[in-house]
Amino acid sequence: MFFHATGQAGAGIAYQLVANDPLIDTKQCQLDVTLMKELGANAIRVYHVDPLADHTGCMQVFADAGIYLFVDMDSFQTYIKLDVIAWNQNKSDSFKQVMDEFQKYDNTAGFFVGNEVLNGLSDSPAAPYLLAAAADLKAYRDAKGYRPIPIGYSATDSAPLGSLLQDYLACRSNVSERVDFFSLNSYEWCGSQTSYATSGYMALQHSFEDYPAPIFFSETGCNTVPPRDFSDQTAIFGANMSGTWSGAIIYEWIQEMNHYGLVSYGPYAPNALQQGTTIIDGYPRQGTPTPVTPDFSNLKAQWATISPTGVVLSAYSGTSVTPRPCPPSTAGGWAVDASLPLPTIGQVETPAASSAASAPSPTGPTGPRPAGPATSSSAADTVGSGSATSTTASGSAAQFEHNVLFFNEESVTGCLVALLTIGLAVLVLL
């Protein structure tokens, strides 16, 4: 569960002011962090960064505020495409550059190896390549002696793909060939009349019970029934789900064409659709942020009232966890033989058919989305040998029985010491 450094319960925000990198403008980060603290956020998700740029200023601004970063390692050029599926050296080197840059910041909490790469069953041939990428990057992280920052995946909330993919990414007997965490982009809870039972969250909870890795919502915040009241947060952080789910990242910080924003930087300017990176699609993208009413205050109120419980670090015992059974390959359905080795670097597969055979467009729930190169299958987007066997928990987030841990540390640095020890993507600061 995400917790603010003051002990106030909180969660994360999707933060992508500009397409290429929002973490290089220290002044803008300073302006934004004030409202993030008021909101109660303690994490951000950034979808695209320039690994060659200097991020010291923004990362320190967020660290000082007790805010942690989950960052996607792909780019618009290097994400795993579905027309010609491959994990090649160019992609590997590009992802590693992002890791090299952000591993040095203590408040980097996790890396995403992909965002909504698969959107339907016909995309399942890409799953082994996704897992091969995760395994490659985990091996690189460990070989470089970096702290074990978890590496996971952000998935489309799409049935029947969802349950098959989540199991596949956590089913192999070798923990180095599993994701360290699994997250979901879900927009099932829409409006104040929705409930835990009617939203689909009950089914999600059932599907993920006893999952052998931390799980959380990497995007949520449906806006089809405005205004957004974020009542789903009481379920995610409440008794029904907090024992399984480790928090939520709200989509998104900035107001743009899709109307998911929590803040704006000035009025919509239809006659100034594009002015460098200052105005894009008529929406200003820098300056002093102003809360979008009533969404900002609604989310602030929800986060102010939640008080989830979890497992303190001192109470954690290194019990074993059991990988999920690997989903069987079926004709016309899940097309992956989990008994085969993972693809090697440079191996290529061209599917006969795919639900997204062409390069995905950078669109989000209802409009342009600098967040990532993925299309939506719902309101937003949603490998190897051996049978599943138990393994002993030690070091990787994929090995943890409990998805919610509380770290009783006195500072951000102290908390990260605990993070280094257990490699968990979910932070709680008391």
# chains A, B, ... in the order shown; residues from 1 in each chain; ligands from 1
$ select_by_dssp --residues "stretch 112-286 of chain A" --states "strand (DSSP E)" --output "PyMOL selection string"
chain A and resi 112-115+151-156+181-185+215-220+245-250+263-264+274-275+279-280+283-284
$ select_by_dssp --residues "stretch 220-334 of chain A" --states "alpha helix (DSSP H)" --output "list in words"
Asp232, Gln233, Thr234, Ala235, Ile236, Asp295, Phe296, Ser297, Asn298, Leu299, Lys300, Ala301, Gln302, Trp303, Ala304 and Thr305 of chain A
$ atom_distance --atom1 "atom CA of A:Pro160" --atom2 "atom CA of A:Ala338"
17.7 Å
$ residues_around --residues "stretch 94-97 of chain A" --least-positions-apart "5" --cutoff "12 Å" --atoms "only C-alpha atoms" --output "PyMOL selection string"
chain A and resi 48-53+71-80+87-89+102-104+111-114+133-134+136-141+144+146+151
$ closest_residue --among "A:Leu161, A:Leu82, A:Ile249, A:Ser176" --to "A:Val46" --atoms "only C-alpha atoms"
A:Ile249
$ atom_distance --atom1 "atom CA of A:Ala248" --atom2 "atom CA of A:Ser218"
6.1 Å
$ residues_around --residues "A:Ile85" --least-positions-apart "5" --cutoff "9 Å" --atoms "only C-alpha atoms" --output "VMD selection string"
chain A and resid 80 125 to 126 129 347 to 351
$ write_last_selection --atoms "N, CA and C atoms" --output "tab-separated table (two decimals), in the first residue's frame"
chain	number	residue	atom	x	y	z
A	80	ILE	N	7.44	-3.17	-27.42
A	80	ILE	CA	7.27	-4.44	-28.12
A	80	ILE	C	6.04	-4.35	-29.02
A	125	PRO	N	0.85	-14.45	-28.59
A	125	PRO	CA	2.22	-14.81	-28.95
A	125	PRO	C	3.27	-13.81	-28.48
A	126	ALA	N	2.85	-12.60	-28.11
A	126	ALA	CA	3.81	-11.62	-27.62
A	126	ALA	C	4.19	-11.85	-26.17
A	129	TYR	N	7.76	-12.92	-25.25
A	129	TYR	CA	8.75	-11.87	-25.50
A	129	TYR	C	8.71	-10.82	-24.40
A	347	GLN	N	15.43	-13.12	-31.46
A	347	GLN	CA	14.40	-14.01	-32.00
A	347	GLN	C	13.18	-13.20	-32.39
A	348	VAL	N	12.55	-13.55	-33.51
A	348	VAL	CA	11.43	-12.78	-34.06
A	348	VAL	C	10.27	-13.70	-34.36
A	349	GLU	N	9.07	-13.19	-34.12
A	349	GLU	CA	7.86	-13.92	-34.50
A	349	GLU	C	6.91	-12.96	-35.20
A	350	THR	N	6.36	-13.41	-36.32
A	350	THR	CA	5.37	-12.63	-37.05
A	350	THR	C	4.04	-13.36	-36.97
A	351	PRO	N	3.11	-12.89	-36.14
A	351	PRO	CA	1.83	-13.58	-35.99
A	351	PRO	C	1.05	-13.58	-37.30
$ closest_residue --among "A:Gly247, A:Thr278, A:Gln302, A:Ser124" --to "A:Pro22" --atoms "only C-alpha atoms"
A:Thr278
$ closest_residue --among "A:Ser158, A:Ile280, A:Glu101, A:Gln28" --to "A:Gly120" --atoms "only C-alpha atoms"
A:Ser158
